[in-house]
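Enquirer: This is the structure I want to talk about, given as structure tokens.
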Amino acid sequence: IIEYLDIGPEERGLTSLPFNYSYGLSIVNSHLLAGASLVVSEPDILSKQLWQRAKQWQATSFAGVPFSYEMLCRMGLARALPSSISTLTQAGGRLNRGLAEQVAAFAKQQQKRFFIMYGQTEATARIAYLPAELASTKADSIGQAIPGGKLSLLDPSGQIIQQDEQIGELCYQGANVMLGYAQSPTDLAQPARPSRLLTGDLALRRNGLFYITGRLKRMIKLRSHRFNLDQLEQLLSDLLAVVDLACFGEDDYLQLASSQPISRDKLRAACQDLHISQSLVHVHHVASLPKQANGKIDYQALKGLSA
């Protein structure tokens, strides 16, 4: 991370993300290991204190998730960001391509660097990056593996895909992969470092760069917080007191479909309980949920509702 971002002792990273979030902690670790400094403030980009300290201490880098850049673009990048900031980094989910291109254009005009990155908590936050010079033209790509890491694609049988333009599960190998999850004390007896991390994301390779195309399993990120859609469906069904409910969508756009009426008050309370912004939730009322031959909900058919 230090290598591809060229973090030196003169850098001053702004703590714009919480320390208990893997990406925010990675900012701390990478800067301190490089002998750089941190401009410490509450990680709220809408806070005056954050930007006052950034200006006072001449912060040189800003790290954000998609929501961070959505807010900055609304405020006006030139007005919101101190001139001392020369490096912008983004991870924590896919940034809308239009916004990514807007940030990239701003960075190019202002002679700043903008890095689009990809990571997972299980691999210490950052495992791929798009070189800053490609941000304007390849904003929909996660780029290449970080130095010391390796990305590959696996077909359904677990074999490595060699050809370009063929979709497979994205797999990462590197020293930053975690030891695993412990379910009981016996799991801690002989921790073994796994040789690879299966990300659960589907991707393809094109001219040496990787592009995410979807999720292998039903997972979604809402403002950098990951949710299992099946679990979310059960929770919301209980909180909303509806039996006929389906959850689907994509990052930062959760969609609910139900043939039963959904109370606005209950939806507001459920979103608060689950720490989900209600602005990210869209409700569809349908005559009946589409089902497959086996009786399970046909989520593929539901995707047509998003149009």
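If you're wondering about the labels, chains in the structure tokens are A, B, ... by order shown, residues count from 1 in each chain, ligands from 1 in order shown.
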Near Tyr172 of chain A, counting only C-alpha atoms, which residues have an atom at most 7 Å away, once you skip same-chain residues fewer than 4 positions from it, shown as a list in words?

Expert: Lys150, Leu151, Ser152, Arg196, Leu197 and Leu198 of chain A

Enquirer: If we count only C-alpha atoms, what is near segment 269-282 of chain A at a cut-off of 8 Å, once residues fewer than 2 positions away on the same chain are taken out, given as number ranges by chain?

Expert: A: 222, 236, 239-240, 252-256, 265-267, 284

Enquirer: Could you jot down the atom CA of Ala36 of chain A to atom CA of Gln52 of chain A separation for me, Å, one decimal place?

Expert: 20.0 Å

Enquirer: Quote the spacing between atom CA of Ala80 of chain A and atom CA of Trp51 of chain A in Å to one decimal place.

Expert: 8.0 Å

Enquirer: Would you write out, as CSV, a table of all residues in segment 224-283 of chain A that have an atom no more than 12 Å from an atom of segment 116-138 of chain A, listing for each the closest atom pair and the distance in Å to one decimal, considering only C-alpha atoms and ordering rows by chain and rising residue number?

Expert:
residue,atom,partner,partner_atom,distance
A:Ser224,CA,A:Gln120,CA,10.6
A:His225,CA,A:Thr121,CA,10.9
A:Arg226,CA,A:Gln120,CA,10.2

Enquirer: Could you state the separation of atom CA of Asp238 of chain A and atom CA of Val283 of chain A in Å, given to one decimal place?

Expert: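 Taking atom CA of Asp238 of chain A and atom CA of Val283 of chain A, their separation equals 16.2 Å.
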
Enquirer: For Leu204 of chain A, find every residue with an atom within 10 Å (counting only C-alpha atoms), except residues of its own chain fewer than 4 positions away, and show them as a VMD selection string.

Expert: chain A and resid 141 152 to 153 161 163 to 170 208 to 213

Enquirer: Once you have the residues from the selection above, write them out as an mmCIF file, in the first residue's frame, restricted to N, CA and C atoms.

Expert:
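Okay, result10.cif is ready:
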data_model
loop_
_atom_site.group_PDB
_atom_site.id
_atom_site.type_symbol
_atom_site.label_atom_id
_atom_site.label_comp_id
_atom_site.auth_asym_id
_atom_site.auth_seq_id
_atom_site.Cartn_x
_atom_site.Cartn_y
_atom_site.Cartn_z
ATOM 1 N N SER A 141 -13.177 0.113 -13.427
ATOM 2 C CA SER A 141 -12.277 -0.999 -13.121
ATOM 3 C C SER A 141 -11.716 -0.877 -11.712
ATOM 4 N N SER A 152 -6.688 -13.604 -9.250
ATOM 5 C CA SER A 152 -6.996 -14.573 -10.295
ATOM 6 C C SER A 152 -8.497 -14.783 -10.321
ATOM 7 N N LEU A 153 -8.981 -15.457 -11.369
ATOM 8 C CA LEU A 153 -10.396 -15.761 -11.514
ATOM 9 C C LEU A 153 -10.577 -17.269 -11.552
ATOM 10 N N ILE A 161 -9.060 -19.320 -14.489
ATOM 11 C CA ILE A 161 -9.434 -18.882 -15.838
ATOM 12 C C ILE A 161 -8.268 -18.098 -16.439
ATOM 13 N N GLN A 163 -8.308 -16.982 -19.851
ATOM 14 C CA GLN A 163 -8.731 -16.101 -20.928
ATOM 15 C C GLN A 163 -9.293 -14.772 -20.402
ATOM 16 N N ASP A 164 -9.130 -13.729 -21.193
ATOM 17 C CA ASP A 164 -9.755 -12.448 -20.906
ATOM 18 C C ASP A 164 -11.254 -12.527 -21.198
ATOM 19 N N GLU A 165 -12.000 -11.610 -20.620
ATOM 20 C CA GLU A 165 -13.430 -11.448 -20.869
ATOM 21 C C GLU A 165 -14.291 -12.621 -20.395
ATOM 22 N N GLN A 166 -13.732 -13.521 -19.577
ATOM 23 C CA GLN A 166 -14.504 -14.647 -19.051
ATOM 24 C C GLN A 166 -14.750 -14.418 -17.569
ATOM 25 N N ILE A 167 -16.004 -14.470 -17.163
ATOM 26 C CA ILE A 167 -16.380 -14.165 -15.779
ATOM 27 C C ILE A 167 -16.106 -15.347 -14.854
ATOM 28 N N GLY A 168 -15.553 -15.046 -13.693
ATOM 29 C CA GLY A 168 -15.308 -16.051 -12.665
ATOM 30 C C GLY A 168 -15.258 -15.402 -11.303
ATOM 31 N N GLU A 169 -15.114 -16.223 -10.251
ATOM 32 C CA GLU A 169 -15.018 -15.659 -8.903
ATOM 33 C C GLU A 169 -13.627 -15.078 -8.688
ATOM 34 N N LEU A 170 -13.587 -13.859 -8.181
ATOM 35 C CA LEU A 170 -12.319 -13.184 -7.933
ATOM 36 C C LEU A 170 -11.643 -13.793 -6.708
ATOM 37 N N GLY A 208 -5.308 -6.864 -18.607
ATOM 38 C CA GLY A 208 -4.545 -6.762 -17.365
ATOM 39 C C GLY A 208 -5.265 -6.096 -16.214
ATOM 40 N N LEU A 209 -6.478 -5.575 -16.457
ATOM 41 C CA LEU A 209 -7.249 -4.927 -15.406
ATOM 42 C C LEU A 209 -8.480 -5.771 -15.074
ATOM 43 N N PHE A 210 -8.922 -5.699 -13.816
ATOM 44 C CA PHE A 210 -10.067 -6.485 -13.372
ATOM 45 C C PHE A 210 -11.301 -5.589 -13.231
ATOM 46 N N TYR A 211 -12.459 -6.179 -13.566
ATOM 47 C CA TYR A 211 -13.732 -5.469 -13.509
ATOM 48 C C TYR A 211 -14.739 -6.328 -12.736
ATOM 49 N N ILE A 212 -15.338 -5.773 -11.684
ATOM 50 C CA ILE A 212 -16.349 -6.489 -10.923
ATOM 51 C C ILE A 212 -17.652 -6.494 -11.718
ATOM 52 N N THR A 213 -18.277 -7.666 -11.821
ATOM 53 C CA THR A 213 -19.530 -7.776 -12.572
ATOM 54 C C THR A 213 -20.729 -8.116 -11.689
#

Enquirer: Identify all residues of segment 61-288 of chain A in helix (DSSP H, G or I) (DSSP on the backbone) and supply them as a PyMOL selection string.

Expert: chain A and resi 66-75+77-80+97-109+121-123+132-134+185-188+229-240+264-274+278-280

Enquirer: Write down as a PyMOL selection string the residues of segment 229-285 of chain A whose backbone DSSP state falls under strand (DSSP E or B).

Expert: chain A and resi 245-250+253-258+281-285

Enquirer: I'd like to know which of A:Lys303, A:Asn29, A:Gly35, A:Lys112 is closest to Pro9 of chain A, using only C-alpha atoms.

Expert: A:Gly35

Enquirer: Name the residues in contact with Glu10 of chain A at a cut-off of 12 Å, using only C-alpha atoms, excluding same-chain residues fewer than 5 positions from it; report them as a VMD selection string.

Expert: chain A and resid 31 to 32 34 to 38 58 to 61

Enquirer: I need the residues from that last selection saved to file as a PDB file, in the first residue's frame (with C-alpha atoms), if you can.

Expert:
ATOM      1  CA  HIS A  31       0.926   6.131   7.233  1.00  0.00           C
ATOM      2  CA  LEU A  32       2.582   5.353  10.556  1.00  0.00           C
ATOM      3  CA  ALA A  34       5.877   4.895   6.398  1.00  0.00           C
ATOM      4  CA  GLY A  35       6.904   7.413   9.065  1.00  0.00           C
ATOM      5  CA  ALA A  36       4.181   9.814   7.891  1.00  0.00           C
ATOM      6  CA  SER A  37       1.769  11.830  10.042  1.00  0.00           C
ATOM      7  CA  LEU A  38      -1.957  11.774  10.708  1.00  0.00           C
ATOM      8  CA  GLN A  58      -2.101  20.925   5.772  1.00  0.00           C
ATOM      9  CA  ALA A  59      -3.439  17.401   5.259  1.00  0.00           C
ATOM     10  CA  THR A  60      -2.116  15.854   2.039  1.00  0.00           C
ATOM     11  CA  SER A  61      -4.460  12.895   1.519  1.00  0.00           C
TER      12      SER A  61
END

Enquirer: Would you kindly return, as a list of chain:residue names, each protein, DNA or RNA residue with an atom no farther than 12 Å from any atom of Leu72 of chain A, considering only C-alpha atoms and excluding same-chain residues fewer than 4 positions away?

Expert: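 Non-adjacent residues within range: A:Asp44, A:Ile45, A:Leu46, A:Trp51, A:Phe62, A:Ala63, A:Gly64, A:Val65, A:Pro66, A:Phe67, A:Ser68, A:Gly76, A:Leu77, A:Ala78, A:Arg79, A:Ala80, A:Leu81, A:Pro82, A:Leu88, A:Leu99, A:Ala100, A:Gln102, A:Val103, A:Phe106.
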
Enquirer: Using only C-alpha atoms, which of the listed residues (A:Gln109, A:Cys247, A:Ile297, A:Gln260) sits closest to Leu235 of chain A?

Expert: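 When distances to Leu235 of chain A are compared using only C-alpha atoms, the smallest one comes from A:Cys247.
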
Enquirer: Hey, which of A:Glu233, A:Asp155, A:Ile146, A:Gly249 ends up closest to Ile220 of chain A? Count only C-alpha atoms.

Expert: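 Nearest candidate to Ile220 of chain A out of A:Glu233, A:Asp155, A:Ile146, A:Gly249: A:Gly249.
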